[in-house]
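Engineer: Mind having a look at this structure? Questions to follow.
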Amino acid sequence: MRPELFRVFYLDIGFPAYFGLLLAGFLFATALGSMWARRIGQDPDVVVDLGLACLLMGVVGGRLLHVIADGYFWDYVHLCTDPTKVDWPYNEAQCGQLVPRGSGFNLLGWYPFGQEERVARGVWDAARGVCHPPAQDCFAWAKFWQGGLAYYGGFIGSSLMAVYLLKRDKFPFWKAADMAGFAVPLGLGFGRMGCLLAGCCFGVRTDGPLGLAFPPNSPASEAQWKLHELPGMNHVSHPVHPTQIYESAVSFAIAAFCLLYVHGRKRYDGQVFVAFLALYAIGRFLLEFLRADDRGALLGLSTSQLIGLAICGLAFALHKHRTRSSSATPPAAPTAKTATAS
């Protein structure tokens, strides 16, 4: 686990591993999409603009779905209204431990946003034996850099932005959708490796050969401590399924299948995108049974599984609609050269 990839020299700014890999995935996917656009005779700059806009809207959408549906909504509300209603998973010693607070943005010895200070992590409630946040924070819900993004929220946000930009730039919509069919899972494959480095999105316990133990104070250790499987968060976790690696492998496999197989055999524009929607929704649905992190639940299914079922239905409907549309479109009239040759 390596939550922070590196620190910027002199500025003393940490670069989170998750966002580093997520950004790398978006850049790689955007570059591939730009080359694809040039190959089919379209403007590659449209794809570059699309990639940047979708990255921003993906973060916004992913954060909003996390806040609303991952089981932390009331924690964010109480952090703003009454922090004593929020229980943090720390014992008394950990609650009183001094931790850095403040921006700590160091510009050659100058702190334009205030110098970092060390304060107690939280406030210990002796009566209940729990740790509370030290102060109100009405913007905790917006601090995406501290972790907490839901893929499907990012996908929905990016899709809405893509529809708007493609229509504005008069770019062939379904051809762009086919590009997304192999570019999105490619970027997602990188992003899940970032999840592995950050320690989030971990799996259930396993004694199998693929089991992976996370270091003390990791999200896996915290979750197992809450279940009384560990004496404290400051212990190495029990081995768990590395679901981050599983999903990364599934995403890369989907990208390869959609690009190398479906794209060359498609019967209508949009079929690559439809294949991606269905394959990822099925793969994610199955992988969710191995996930152990908090991500919301309803009717015995996680939020992602419920959304995945809806996306499978959408993929089926799009396939039927696009198949009918392509069948109803008459073939282009042959040119004079083609007619003579035939």
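Each chain in the structure tokens gets a letter, A, B and so on, in the order shown; residues start at 1 in every chain, and ligands are counted from 1 in the order they appear.
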Using only C-alpha atoms, determine which residues lie at most 9 Å from region 193-200 of chain A, disregarding the query and same-chain residues fewer than 3 positions distant; provide the list as a PyMOL selection string.

Structural biologist: chain A and resi 1-5+16-22+147-148+188-190+214-215+218-220+242-245+247-248+293

Engineer: Could you turn the residues from that selection into a file that holds N, CA and C atoms, as a JSON list (two decimals), in the first residue's frame?

Structural biologist:
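As a result, again-v4.json now contains:
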[["chain", "number", "residue", "atom", "x", "y", "z"],
["A", 1, "MET", "N", 0.85, -1.18, 0.00],
["A", 1, "MET", "CA", 0.00, 0.00, 0.00],
["A", 1, "MET", "C", 0.89, 1.24, 0.00],
["A", 2, "ARG", "N", 0.56, 2.19, -0.88],
["A", 2, "ARG", "CA", 1.33, 3.43, -0.96],
["A", 2, "ARG", "C", 0.35, 4.55, -1.32],
["A", 3, "PRO", "N", -0.35, 5.10, -0.31],
["A", 3, "PRO", "CA", -1.36, 6.12, -0.59],
["A", 3, "PRO", "C", -0.81, 7.36, -1.28],
["A", 4, "GLU", "N", 0.47, 7.67, -1.05],
["A", 4, "GLU", "CA", 1.08, 8.85, -1.64],
["A", 4, "GLU", "C", 2.24, 8.42, -2.53],
["A", 5, "LEU", "N", 2.17, 8.75, -3.81],
["A", 5, "LEU", "CA", 3.21, 8.33, -4.74],
["A", 5, "LEU", "C", 4.52, 9.06, -4.50],
["A", 16, "PRO", "N", -1.42, 12.04, -4.31],
["A", 16, "PRO", "CA", -2.08, 10.77, -3.96],
["A", 16, "PRO", "C", -1.94, 9.73, -5.05],
["A", 17, "ALA", "N", -1.69, 8.50, -4.65],
["A", 17, "ALA", "CA", -1.51, 7.41, -5.61],
["A", 17, "ALA", "C", -2.77, 7.18, -6.43],
["A", 18, "TYR", "N", -3.93, 7.23, -5.77],
["A", 18, "TYR", "CA", -5.17, 6.94, -6.48],
["A", 18, "TYR", "C", -5.38, 7.93, -7.63],
["A", 19, "PHE", "N", -5.21, 9.23, -7.35],
["A", 19, "PHE", "CA", -5.44, 10.22, -8.40],
["A", 19, "PHE", "C", -4.33, 10.20, -9.43],
["A", 20, "GLY", "N", -3.13, 9.78, -9.01],
["A", 20, "GLY", "CA", -2.06, 9.64, -9.98],
["A", 20, "GLY", "C", -2.37, 8.58, -11.01],
["A", 21, "LEU", "N", -2.83, 7.42, -10.55],
["A", 21, "LEU", "CA", -3.18, 6.34, -11.48],
["A", 21, "LEU", "C", -4.44, 6.66, -12.26],
["A", 22, "LEU", "N", -5.40, 7.32, -11.61],
["A", 22, "LEU", "CA", -6.62, 7.72, -12.30],
["A", 22, "LEU", "C", -6.31, 8.70, -13.42],
["A", 147, "GLY", "N", -10.34, 10.82, -0.52],
["A", 147, "GLY", "CA", -10.89, 9.49, -0.82],
["A", 147, "GLY", "C", -12.39, 9.51, -0.85],
["A", 148, "GLY", "N", -12.96, 8.57, -1.61],
["A", 148, "GLY", "CA", -14.41, 8.47, -1.68],
["A", 148, "GLY", "C", -14.96, 8.88, -3.03],
["A", 188, "LEU", "N", -10.17, 2.80, -16.58],
["A", 188, "LEU", "CA", -10.62, 2.22, -15.32],
["A", 188, "LEU", "C", -9.63, 1.18, -14.81],
["A", 189, "GLY", "N", -8.98, 0.46, -15.72],
["A", 189, "GLY", "CA", -7.99, -0.52, -15.31],
["A", 189, "GLY", "C", -6.84, 0.13, -14.55],
["A", 190, "PHE", "N", -6.41, 1.31, -15.01],
["A", 190, "PHE", "CA", -5.37, 2.05, -14.30],
["A", 190, "PHE", "C", -5.89, 2.56, -12.96],
["A", 214, "PHE", "N", -3.19, -6.06, 4.25],
["A", 214, "PHE", "CA", -2.90, -4.64, 4.19],
["A", 214, "PHE", "C", -2.24, -4.18, 5.50],
["A", 215, "PRO", "N", -1.46, -3.11, 5.45],
["A", 215, "PRO", "CA", -0.71, -2.67, 6.63],
["A", 215, "PRO", "C", -1.61, -2.08, 7.71],
["A", 218, "SER", "N", -4.90, 0.69, 7.75],
["A", 218, "SER", "CA", -5.44, 0.71, 6.39],
["A", 218, "SER", "C", -6.96, 0.57, 6.47],
["A", 219, "PRO", "N", -7.67, 0.88, 5.38],
["A", 219, "PRO", "CA", -9.13, 0.68, 5.38],
["A", 219, "PRO", "C", -9.53, -0.76, 5.72],
["A", 220, "ALA", "N", -8.76, -1.75, 5.27],
["A", 220, "ALA", "CA", -9.08, -3.14, 5.57],
["A", 220, "ALA", "C", -8.93, -3.42, 7.07],
["A", 242, "PRO", "N", -7.84, -9.49, -3.26],
["A", 242, "PRO", "CA", -7.41, -8.23, -3.89],
["A", 242, "PRO", "C", -8.37, -7.85, -5.02],
["A", 243, "THR", "N", -9.57, -7.44, -4.65],
["A", 243, "THR", "CA", -10.59, -7.15, -5.65],
["A", 243, "THR", "C", -10.20, -6.00, -6.56],
["A", 244, "GLN", "N", -9.29, -5.14, -6.10],
["A", 244, "GLN", "CA", -8.80, -4.07, -6.96],
["A", 244, "GLN", "C", -8.08, -4.66, -8.18],
["A", 245, "ILE", "N", -7.25, -5.68, -7.92],
["A", 245, "ILE", "CA", -6.53, -6.32, -9.02],
["A", 245, "ILE", "C", -7.50, -7.09, -9.92],
["A", 247, "GLU", "N", -10.64, -6.38, -10.55],
["A", 247, "GLU", "CA", -11.40, -5.48, -11.42],
["A", 247, "GLU", "C", -10.51, -4.82, -12.46],
["A", 248, "SER", "N", -9.26, -4.55, -12.09],
["A", 248, "SER", "CA", -8.34, -4.00, -13.07],
["A", 248, "SER", "C", -8.14, -4.98, -14.22],
["A", 293, "ASP", "N", -15.73, -3.49, 1.53],
["A", 293, "ASP", "CA", -15.76, -2.11, 1.98],
["A", 293, "ASP", "C", -17.19, -1.58, 1.97]]

Engineer: Mind the document's chain letters and residue numbers, and return as a ChimeraX atom specification the residues of region 117-296 of chain A that DSSP labels strand (DSSP E or B).

Structural biologist: /A:117-120,123-125,130-132,203,205,212,240,291

Engineer: If we count only C-alpha atoms and set the cut-off at 9 Å, which residues sit around Leu65 (chain A), ignoring sequence neighbours fewer than 6 positions away in its own chain? Please answer as a list in words.

Structural biologist: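 Neighbouring residues, sequence-local ones excluded: Leu149, Ala150, Tyr151, Tyr152, Gly153 and Gly154 of chain A.
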
Engineer: Quick one: residues within 12 Å of Ala223 (chain A), only C-alpha atoms, excluding same-chain residues fewer than 4 positions away - as a CSV table (one decimal) with all heavy atoms, in the first residue's frame?

Structural biologist:
chain,number,residue,atom,x,y,z
A,88,TRP,N,-15.7,8.2,15.2
A,88,TRP,CA,-14.6,7.8,14.4
A,88,TRP,C,-14.0,6.5,15.0
A,88,TRP,O,-14.0,6.3,16.2
A,88,TRP,CB,-13.5,8.9,14.5
A,88,TRP,CG,-13.8,10.0,13.5
A,88,TRP,CD1,-14.8,10.0,12.5
A,88,TRP,CD2,-13.0,11.1,13.3
A,88,TRP,NE1,-14.7,11.1,11.8
A,88,TRP,CE2,-13.6,11.9,12.2
A,88,TRP,CE3,-11.9,11.7,13.9
A,88,TRP,CZ2,-13.1,13.1,11.8
A,88,TRP,CZ3,-11.3,12.9,13.5
A,88,TRP,CH2,-11.9,13.6,12.4
A,89,PRO,N,-13.5,5.6,14.2
A,89,PRO,CA,-13.0,4.3,14.6
A,89,PRO,C,-11.6,4.3,15.2
A,89,PRO,O,-10.6,3.7,14.7
A,89,PRO,CB,-13.0,3.5,13.3
A,89,PRO,CG,-12.7,4.5,12.3
A,89,PRO,CD,-13.4,5.8,12.7
A,90,TYR,N,-11.4,5.1,16.3
A,90,TYR,CA,-10.1,5.2,17.0
A,90,TYR,C,-10.3,4.9,18.4
A,90,TYR,O,-11.3,5.3,19.0
A,90,TYR,CB,-9.5,6.6,16.8
A,90,TYR,CG,-9.3,7.1,15.4
A,90,TYR,CD1,-10.0,8.1,14.8
A,90,TYR,CD2,-8.4,6.4,14.6
A,90,TYR,CE1,-9.8,8.5,13.5
A,90,TYR,CE2,-8.2,6.8,13.2
A,90,TYR,CZ,-8.9,7.8,12.7
A,90,TYR,OH,-8.7,8.2,11.4
A,199,GLY,N,-5.4,1.4,-0.8
A,199,GLY,CA,-6.0,0.4,0.1
A,199,GLY,C,-7.5,0.4,0.2
A,199,GLY,O,-8.1,-0.4,0.9
A,200,CYS,N,-8.2,1.1,-0.7
A,200,CYS,CA,-9.7,1.1,-0.7
A,200,CYS,C,-10.2,0.0,-1.6
A,200,CYS,O,-9.4,-0.7,-2.2
A,200,CYS,CB,-10.2,2.4,-1.2
A,200,CYS,SG,-9.7,2.9,-2.8
A,201,CYS,N,-11.5,-0.2,-1.6
A,201,CYS,CA,-12.1,-1.2,-2.5
A,201,CYS,C,-11.6,-2.6,-2.3
A,201,CYS,O,-11.5,-3.4,-3.2
A,201,CYS,CB,-12.0,-0.8,-3.9
A,201,CYS,SG,-12.5,0.9,-4.3
A,202,PHE,N,-11.3,-3.0,-1.0
A,202,PHE,CA,-10.7,-4.3,-0.7
A,202,PHE,C,-11.8,-5.3,-0.6
A,202,PHE,O,-13.0,-5.0,-0.6
A,202,PHE,CB,-9.9,-4.2,0.6
A,202,PHE,CG,-10.8,-3.7,1.8
A,202,PHE,CD1,-11.5,-4.6,2.6
A,202,PHE,CD2,-10.9,-2.3,2.0
A,202,PHE,CE1,-12.3,-4.1,3.6
A,202,PHE,CE2,-11.7,-1.9,3.1
A,202,PHE,CZ,-12.4,-2.7,3.8
A,203,GLY,N,-11.3,-6.6,-0.6
A,203,GLY,CA,-12.3,-7.7,-0.6
A,203,GLY,C,-12.5,-8.4,0.7
A,203,GLY,O,-12.0,-7.9,1.8
A,204,VAL,N,-13.3,-9.4,0.7
A,204,VAL,CA,-13.6,-10.2,1.9
A,204,VAL,C,-12.4,-11.0,2.3
A,204,VAL,O,-11.5,-11.3,1.5
A,204,VAL,CB,-14.8,-11.1,1.7
A,204,VAL,CG1,-16.1,-10.2,1.5
A,204,VAL,CG2,-14.6,-12.1,0.6
A,205,ARG,N,-12.4,-11.6,3.5
A,205,ARG,CA,-11.3,-12.4,4.0
A,205,ARG,C,-11.1,-13.7,3.1
A,205,ARG,O,-12.1,-14.2,2.7
A,205,ARG,CB,-11.4,-12.7,5.4
A,205,ARG,CG,-11.2,-11.5,6.4
A,205,ARG,CD,-11.4,-11.9,7.8
A,205,ARG,NE,-10.4,-13.0,8.2
A,205,ARG,CZ,-10.3,-13.5,9.4
A,205,ARG,NH1,-11.1,-13.0,10.4
A,205,ARG,NH2,-9.5,-14.4,9.7
A,214,PHE,N,-3.2,-6.1,4.2
A,214,PHE,CA,-2.9,-4.6,4.2
A,214,PHE,C,-2.2,-4.2,5.5
A,214,PHE,O,-2.5,-4.8,6.6
A,214,PHE,CB,-4.2,-3.8,3.9
A,214,PHE,CG,-4.6,-3.9,2.5
A,214,PHE,CD1,-5.5,-4.9,2.1
A,214,PHE,CD2,-4.2,-3.0,1.5
A,214,PHE,CE1,-5.9,-5.0,0.7
A,214,PHE,CE2,-4.6,-3.1,0.2
A,214,PHE,CZ,-5.4,-4.1,-0.2
A,216,PRO,N,-1.1,-1.8,8.9
A,216,PRO,CA,-1.8,-1.2,10.0
A,216,PRO,C,-2.5,0.1,9.6
A,216,PRO,O,-1.9,0.8,8.8
A,216,PRO,CB,-0.8,-1.0,11.1
A,216,PRO,CG,0.3,-2.0,10.8
A,216,PRO,CD,0.3,-2.2,9.3
A,217,ASN,N,-3.6,0.4,10.2
A,217,ASN,CA,-4.4,1.6,9.9
A,217,ASN,C,-4.8,1.8,8.5
A,217,ASN,O,-5.1,2.9,8.0
A,217,ASN,CB,-3.5,2.9,10.3
A,217,ASN,CG,-3.2,2.9,11.8
A,217,ASN,OD1,-4.0,2.7,12.6
A,217,ASN,ND2,-1.9,3.0,12.1
A,218,SER,N,-4.9,0.7,7.7
A,218,SER,CA,-5.4,0.7,6.4
A,218,SER,C,-7.0,0.6,6.5
A,218,SER,O,-7.5,0.2,7.5
A,218,SER,CB,-4.9,-0.5,5.6
A,218,SER,OG,-5.2,-1.7,6.2
A,219,PRO,N,-7.7,0.9,5.4
A,219,PRO,CA,-9.1,0.7,5.4
A,219,PRO,C,-9.5,-0.8,5.7
A,219,PRO,O,-10.5,-1.0,6.4
A,219,PRO,CB,-9.5,1.1,4.0
A,219,PRO,CG,-8.5,2.0,3.5
A,219,PRO,CD,-7.2,1.6,4.1
A,227,LEU,N,-15.4,-5.1,13.0
A,227,LEU,CA,-16.1,-6.4,13.1
A,227,LEU,C,-15.5,-7.3,14.2
A,227,LEU,O,-15.9,-8.4,14.3
A,227,LEU,CB,-16.0,-7.1,11.7
A,227,LEU,CG,-16.7,-6.5,10.5
A,227,LEU,CD1,-16.3,-7.3,9.3
A,227,LEU,CD2,-18.2,-6.5,10.7
A,228,HIS,N,-14.7,-6.7,15.0
A,228,HIS,CA,-14.0,-7.3,16.1
A,228,HIS,C,-13.2,-8.5,15.7
A,228,HIS,O,-13.0,-9.5,16.4
A,228,HIS,CB,-15.1,-7.8,17.2
A,228,HIS,CG,-16.0,-6.7,17.6
A,228,HIS,ND1,-15.6,-5.7,18.4
A,228,HIS,CD2,-17.3,-6.5,17.3
A,228,HIS,CE1,-16.6,-4.9,18.6
A,228,HIS,NE2,-17.7,-5.4,18.0
A,229,GLU,N,-12.6,-8.4,14.5
A,229,GLU,CA,-11.7,-9.4,13.9
A,229,GLU,C,-10.3,-9.1,14.2
A,229,GLU,O,-9.4,-10.0,14.1
A,229,GLU,CB,-11.9,-9.6,12.4
A,229,GLU,CG,-13.3,-10.1,12.1
A,229,GLU,CD,-13.5,-10.2,10.6
A,229,GLU,OE1,-12.6,-9.7,9.8
A,229,GLU,OE2,-14.6,-10.7,10.1
A,230,LEU,N,-10.0,-7.9,14.6
A,230,LEU,CA,-8.7,-7.4,15.0
A,230,LEU,C,-8.8,-6.7,16.4
A,230,LEU,O,-9.8,-6.0,16.6
A,230,LEU,CB,-8.1,-6.5,14.0
A,230,LEU,CG,-7.7,-7.1,12.6
A,230,LEU,CD1,-7.2,-5.9,11.7
A,230,LEU,CD2,-6.6,-8.1,12.8
A,231,PRO,N,-7.8,-6.7,17.2
A,231,PRO,CA,-7.8,-6.0,18.5
A,231,PRO,C,-7.7,-4.5,18.3
A,231,PRO,O,-8.1,-3.7,19.2
A,231,PRO,CB,-6.6,-6.5,19.2
A,231,PRO,CG,-5.7,-7.0,18.2
A,231,PRO,CD,-6.6,-7.5,17.1
A,232,GLY,N,-7.2,-4.0,17.2
A,232,GLY,CA,-7.1,-2.6,16.9
A,232,GLY,C,-6.8,-2.3,15.5
A,232,GLY,O,-6.4,-3.2,14.7
A,233,MET,N,-7.0,-1.0,15.1
A,233,MET,CA,-6.7,-0.6,13.7
A,233,MET,C,-5.2,-0.7,13.4
A,233,MET,O,-4.8,-0.8,12.2
A,233,MET,CB,-7.2,0.8,13.5
A,233,MET,CG,-8.7,1.0,13.3
A,233,MET,SD,-9.1,2.7,13.1
A,233,MET,CE,-8.1,3.2,11.7
A,234,ASN,N,-4.4,-0.6,14.4
A,234,ASN,CA,-3.0,-0.6,14.2
A,234,ASN,C,-2.4,-2.0,14.1
A,234,ASN,O,-1.3,-2.2,14.6
A,234,ASN,CB,-2.3,0.2,15.4
A,234,ASN,CG,-2.6,-0.3,16.7
A,234,ASN,OD1,-3.6,-1.1,16.9
A,234,ASN,ND2,-1.8,0.0,17.7
A,235,HIS,N,-3.1,-2.9,13.5
A,235,HIS,CA,-2.6,-4.2,13.3
A,235,HIS,C,-2.7,-4.5,11.8
A,235,HIS,O,-3.6,-4.0,11.1
A,235,HIS,CB,-3.5,-5.2,14.0
A,235,HIS,CG,-3.2,-5.3,15.5
A,235,HIS,ND1,-3.6,-4.3,16.3
A,235,HIS,CD2,-2.6,-6.2,16.3
A,235,HIS,CE1,-3.2,-4.6,17.6
A,235,HIS,NE2,-2.6,-5.7,17.6
A,236,VAL,N,-1.9,-5.4,11.3
A,236,VAL,CA,-1.9,-5.8,9.9
A,236,VAL,C,-3.3,-6.6,9.7
A,236,VAL,O,-3.7,-7.4,10.5
A,236,VAL,CB,-0.7,-6.7,9.5
A,236,VAL,CG1,-0.9,-7.3,8.1
A,236,VAL,CG2,0.6,-6.0,9.7
A,237,SER,N,-3.9,-6.3,8.6
A,237,SER,CA,-5.2,-6.9,8.3
A,237,SER,C,-5.1,-8.4,8.0
A,237,SER,O,-4.0,-8.9,7.7
A,237,SER,CB,-5.9,-6.3,7.1
A,237,SER,OG,-5.3,-6.7,5.9
A,238,HIS,N,-6.1,-9.1,8.2
A,238,HIS,CA,-6.2,-10.5,7.8
A,238,HIS,C,-6.2,-10.5,6.2
A,238,HIS,O,-6.6,-9.6,5.6
A,238,HIS,CB,-7.4,-11.2,8.3
A,238,HIS,CG,-7.5,-11.4,9.8
A,238,HIS,ND1,-6.6,-12.2,10.5
A,238,HIS,CD2,-8.3,-10.8,10.7
A,238,HIS,CE1,-6.9,-12.1,11.8
A,238,HIS,NE2,-7.9,-11.3,11.9
A,240,VAL,N,-7.1,-10.6,2.5
A,240,VAL,CA,-8.4,-10.4,1.8
A,240,VAL,C,-8.2,-10.6,0.3
A,240,VAL,O,-7.1,-10.6,-0.2
A,240,VAL,CB,-8.9,-9.0,2.1
A,240,VAL,CG1,-9.2,-8.8,3.6
A,240,VAL,CG2,-7.9,-7.9,1.6
A,291,ARG,N,-16.4,-7.9,-2.5
A,291,ARG,CA,-16.0,-6.7,-1.9
A,291,ARG,C,-16.5,-6.6,-0.4
A,291,ARG,O,-17.5,-7.2,-0.1
A,291,ARG,CB,-16.7,-5.5,-2.6
A,291,ARG,CG,-16.1,-5.2,-4.0
A,291,ARG,CD,-14.9,-4.3,-4.0
A,291,ARG,NE,-15.3,-3.0,-3.6
A,291,ARG,CZ,-15.6,-2.0,-4.4
A,291,ARG,NH1,-15.7,-2.2,-5.7
A,291,ARG,NH2,-15.9,-0.8,-3.9
A,292,ALA,N,-15.6,-6.0,0.4
A,292,ALA,CA,-16.0,-5.9,1.8
A,292,ALA,C,-16.0,-4.5,2.4
A,292,ALA,O,-16.3,-4.3,3.5
A,292,ALA,CB,-14.9,-6.7,2.7
A,293,ASP,N,-15.7,-3.5,1.5
A,293,ASP,CA,-15.8,-2.1,2.0
A,293,ASP,C,-17.2,-1.6,2.0
A,293,ASP,O,-18.1,-2.1,1.3
A,293,ASP,CB,-14.9,-1.2,1.1
A,293,ASP,CG,-15.3,-1.3,-0.4
A,293,ASP,OD1,-15.5,-2.5,-0.9
A,293,ASP,OD2,-15.4,-0.3,-1.1
A,294,ASP,N,-17.4,-0.5,2.7
A,294,ASP,CA,-18.8,0.1,2.8
A,294,ASP,C,-19.1,0.8,1.5
A,294,ASP,O,-18.3,1.6,1.0
A,294,ASP,CB,-18.8,1.1,3.9
A,294,ASP,CG,-18.7,0.5,5.3
A,294,ASP,OD1,-19.2,-0.6,5.4
A,294,ASP,OD2,-18.2,1.2,6.2

Engineer: Closest to Ala255 (chain A) among A:Ala180, A:Val48, A:Ala37, A:Ala53, using only C-alpha atoms?

Structural biologist: A:Ala180

Engineer: Could you pull out the helix (DSSP H, G or I) residues of region 220-303 of chain A, going by DSSP on the backbone, and write them as number ranges by chain?

Structural biologist: A: 220-226, 243-265, 271-290, 303

Engineer: Just C-alpha atoms for this one: save the residues we selected as a PDB file, in the first residue's frame.

Structural biologist:
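Below is the file that was written, selection_23.pdb:
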ATOM      1  CA  ALA A 220      -9.083  -3.142   5.572  1.00  0.00           C
ATOM      2  CA  SER A 221      -7.670  -3.064   9.124  1.00  0.00           C
ATOM      3  CA  GLU A 222     -10.301  -0.514  10.128  1.00  0.00           C
ATOM      4  CA  ALA A 223     -13.143  -2.604   8.721  1.00  0.00           C
ATOM      5  CA  GLN A 224     -11.910  -5.789  10.408  1.00  0.00           C
ATOM      6  CA  TRP A 225     -11.456  -3.937  13.696  1.00  0.00           C
ATOM      7  CA  LYS A 226     -15.079  -2.751  13.515  1.00  0.00           C
ATOM      8  CA  THR A 243     -10.595  -7.151  -5.650  1.00  0.00           C
ATOM      9  CA  GLN A 244      -8.803  -4.070  -6.965  1.00  0.00           C
ATOM     10  CA  ILE A 245      -6.528  -6.324  -9.023  1.00  0.00           C
ATOM     11  CA  TYR A 246      -9.479  -8.475 -10.102  1.00  0.00           C
ATOM     12  CA  GLU A 247     -11.403  -5.481 -11.419  1.00  0.00           C
ATOM     13  CA  SER A 248      -8.336  -4.003 -13.066  1.00  0.00           C
ATOM     14  CA  ALA A 249      -7.778  -7.278 -14.925  1.00  0.00           C
ATOM     15  CA  VAL A 250     -11.459  -7.458 -15.909  1.00  0.00           C
ATOM     16  CA  SER A 251     -11.360  -3.862 -17.184  1.00  0.00           C
ATOM     17  CA  PHE A 252      -8.241  -4.415 -19.283  1.00  0.00           C
ATOM     18  CA  ALA A 253      -9.757  -7.626 -20.694  1.00  0.00           C
ATOM     19  CA  ILE A 254     -12.965  -5.793 -21.642  1.00  0.00           C
ATOM     20  CA  ALA A 255     -10.968  -3.008 -23.319  1.00  0.00           C
ATOM     21  CA  ALA A 256      -8.964  -5.531 -25.339  1.00  0.00           C
ATOM     22  CA  PHE A 257     -12.057  -7.539 -26.318  1.00  0.00           C
ATOM     23  CA  CYS A 258     -14.020  -4.444 -27.376  1.00  0.00           C
ATOM     24  CA  LEU A 259     -11.132  -2.972 -29.374  1.00  0.00           C
ATOM     25  CA  LEU A 260      -9.645  -6.072 -30.965  1.00  0.00           C
ATOM     26  CA  TYR A 261     -12.761  -8.180 -31.511  1.00  0.00           C
ATOM     27  CA  VAL A 262     -16.050  -6.255 -31.338  1.00  0.00           C
ATOM     28  CA  HIS A 263     -14.849  -3.094 -33.092  1.00  0.00           C
ATOM     29  CA  GLY A 264     -13.852  -4.912 -36.290  1.00  0.00           C
ATOM     30  CA  ARG A 265     -17.066  -6.967 -36.413  1.00  0.00           C
ATOM     31  CA  GLN A 271     -22.162  -1.728 -30.668  1.00  0.00           C
ATOM     32  CA  VAL A 272     -18.724  -1.479 -29.027  1.00  0.00           C
ATOM     33  CA  PHE A 273     -20.172   0.807 -26.371  1.00  0.00           C
ATOM     34  CA  VAL A 274     -23.126  -1.505 -25.798  1.00  0.00           C
ATOM     35  CA  ALA A 275     -20.779  -4.458 -25.385  1.00  0.00           C
ATOM     36  CA  PHE A 276     -18.723  -2.528 -22.839  1.00  0.00           C
ATOM     37  CA  LEU A 277     -21.820  -1.534 -20.850  1.00  0.00           C
ATOM     38  CA  ALA A 278     -23.063  -5.109 -20.596  1.00  0.00           C
ATOM     39  CA  LEU A 279     -19.697  -6.763 -19.953  1.00  0.00           C
ATOM     40  CA  TYR A 280     -18.609  -4.331 -17.254  1.00  0.00           C
ATOM     41  CA  ALA A 281     -21.991  -4.382 -15.518  1.00  0.00           C
ATOM     42  CA  ILE A 282     -21.906  -8.200 -15.364  1.00  0.00           C
ATOM     43  CA  GLY A 283     -18.290  -8.330 -14.238  1.00  0.00           C
ATOM     44  CA  ARG A 284     -18.814  -5.650 -11.577  1.00  0.00           C
ATOM     45  CA  PHE A 285     -22.001  -7.341 -10.357  1.00  0.00           C
ATOM     46  CA  LEU A 286     -20.100 -10.557  -9.698  1.00  0.00           C
ATOM     47  CA  LEU A 287     -17.063  -8.866  -8.166  1.00  0.00           C
ATOM     48  CA  GLU A 288     -19.268  -6.989  -5.710  1.00  0.00           C
ATOM     49  CA  PHE A 289     -19.891 -10.281  -3.888  1.00  0.00           C
ATOM     50  CA  LEU A 290     -16.185 -10.306  -3.029  1.00  0.00           C
ATOM     51  CA  THR A 303     -25.570   0.304  -4.930  1.00  0.00           C
TER      52      THR A 303
END

Engineer: One decimal, in Å: what's the spacing between CA of Met57 (chain A) and CA of Arg168 (chain A)?

Structural biologist: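 It comes out at 16.7 Å.
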
Engineer: Please provide the set of residues having any atom within 12 Å of Trp174 (chain A), restricted to only C-alpha atoms, with same-chain residues fewer than 4 positions apart removed, written as a PyMOL selection string.

Structural biologist: chain A and resi 162-163+166-167+170+178-181+268-274+318+322+326

Engineer: Please provide as a PyMOL selection string all residues within 10 Å of Thr81 (chain A), with the sequence filter that same-chain residues fewer than 5 positions apart are discarded (counting only C-alpha atoms).

Structural biologist: chain A and resi 75-76+136-138

Engineer: Go ahead and compute the interatomic distance for CA of Pro44 (chain A) and CA of Gly58 (chain A), in Å to one decimal.

Structural biologist: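 Value for the CA of Pro44 (chain A)-CA of Gly58 (chain A) distance: 20.6 Å.
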
Engineer: Find the spatial neighbours of Ile40 (chain A), counting only C-alpha atoms, within a cut-off of 12 Å - ignore same-chain residues fewer than 2 positions away - and output them as a list in words.

Structural biologist: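 Answer for this query is Gly33, Ser34, Met35, Trp36, Ala37, Arg38, Gln42, Asp43, Pro44, Phe171, Pro172, Lys175, Ala176 and Met179 of chain A.
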
Engineer: For a quick check of understanding, using only C-alpha atoms, which of A:Arg118, A:Tyr72, A:Leu50, A:Ser159 has the smallest distance to Val99 (chain A)?

Structural biologist: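 Once distances to Val99 (chain A) are computed over only C-alpha atoms, the minimum belongs to A:Arg118.
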